[in-house]
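Student: If you scroll down you'll find the structure; I have some questions about it.
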Amino acid sequence: MDVNFLDLNNKEENTENNNELSIELSEEVAEGIYSNLAIITHSSSEFVLDFIRVMPGLPKAKVKSRIVLTPEHAKRLLGALQDNVNRFEAGQGPIKSNDPAFPLNFGGPKGEA
């Protein structure tokens, strides 16, 4: 697995060889949470990422995880995610997105928390 991480408190991307940082990962967190929908909102001081699991045929879905970031950290996360997608596609080929239903518009607030 290609390992790199973004230190949200530092403007530079870090790799295993740059800085030493011990990260603990409990078994429960290591299992991860499956999400097939993310809703992103923001205010003047923070970005909120809600990760949701939508099940076919069910009219209701629950937020499974929420991450709150400062605008600066959100921008760094965006860059790190784009870098990882680029590296993935360089090795695996383009990621196909052929779902015409996205992006979804639920008629909720537009860019405000």
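Please note that chains go A, B, ... in the order of the structure tokens, that every chain numbers its residues from 1, and that ligands are numbered from 1 in the order shown.
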Please run DSSP on the backbone and report, as a VMD selection string, all residues within segment 41-86 of chain A that come out as strand (DSSP E).
Tutor: chain A and resid 41 to 42 47 to 53 62 to 69
Student: Grab the residues selected above and save them as a PDB file, in the first residue's frame with C-alpha atoms.
Tutor:
ATOM      1  CA  THR A  41     -21.349  22.073   3.882  1.00  0.00           C
ATOM      2  CA  HIS A  42     -19.412  25.065   5.141  1.00  0.00           C
ATOM      3  CA  PHE A  47     -16.155  22.713   6.572  1.00  0.00           C
ATOM      4  CA  VAL A  48     -18.369  19.804   7.621  1.00  0.00           C
ATOM      5  CA  LEU A  49     -18.131  16.456   5.807  1.00  0.00           C
ATOM      6  CA  ASP A  50     -20.986  14.055   6.552  1.00  0.00           C
ATOM      7  CA  PHE A  51     -20.511  10.489   5.348  1.00  0.00           C
ATOM      8  CA  ILE A  52     -23.722   8.533   4.791  1.00  0.00           C
ATOM      9  CA  ARG A  53     -24.640   4.987   3.808  1.00  0.00           C
ATOM     10  CA  LYS A  62     -28.140   7.910   8.668  1.00  0.00           C
ATOM     11  CA  VAL A  63     -24.954   9.925   8.885  1.00  0.00           C
ATOM     12  CA  LYS A  64     -22.299   7.367   9.812  1.00  0.00           C
ATOM     13  CA  SER A  65     -19.433   9.787  10.394  1.00  0.00           C
ATOM     14  CA  ARG A  66     -18.882  13.549  10.531  1.00  0.00           C
ATOM     15  CA  ILE A  67     -15.561  15.323  10.087  1.00  0.00           C
ATOM     16  CA  VAL A  68     -15.205  19.042  10.872  1.00  0.00           C
ATOM     17  CA  LEU A  69     -12.247  20.937   9.348  1.00  0.00           C
TER      18      LEU A  69
END
Student: Please indicate the distance in Å from atom CA of Pro59 of chain A to atom CA of Ala30 of chain A, rounded to one decimal place.
Tutor: 29.1 Å
Student: Restricting the calculation to only C-alpha atoms, which member of A:Leu25, A:Ala38, A:Ala90, A:Leu81 is positioned closest to Val54 of chain A?
Tutor: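 Among the listed residues, A:Ala38 lies closest to Val54 of chain A.
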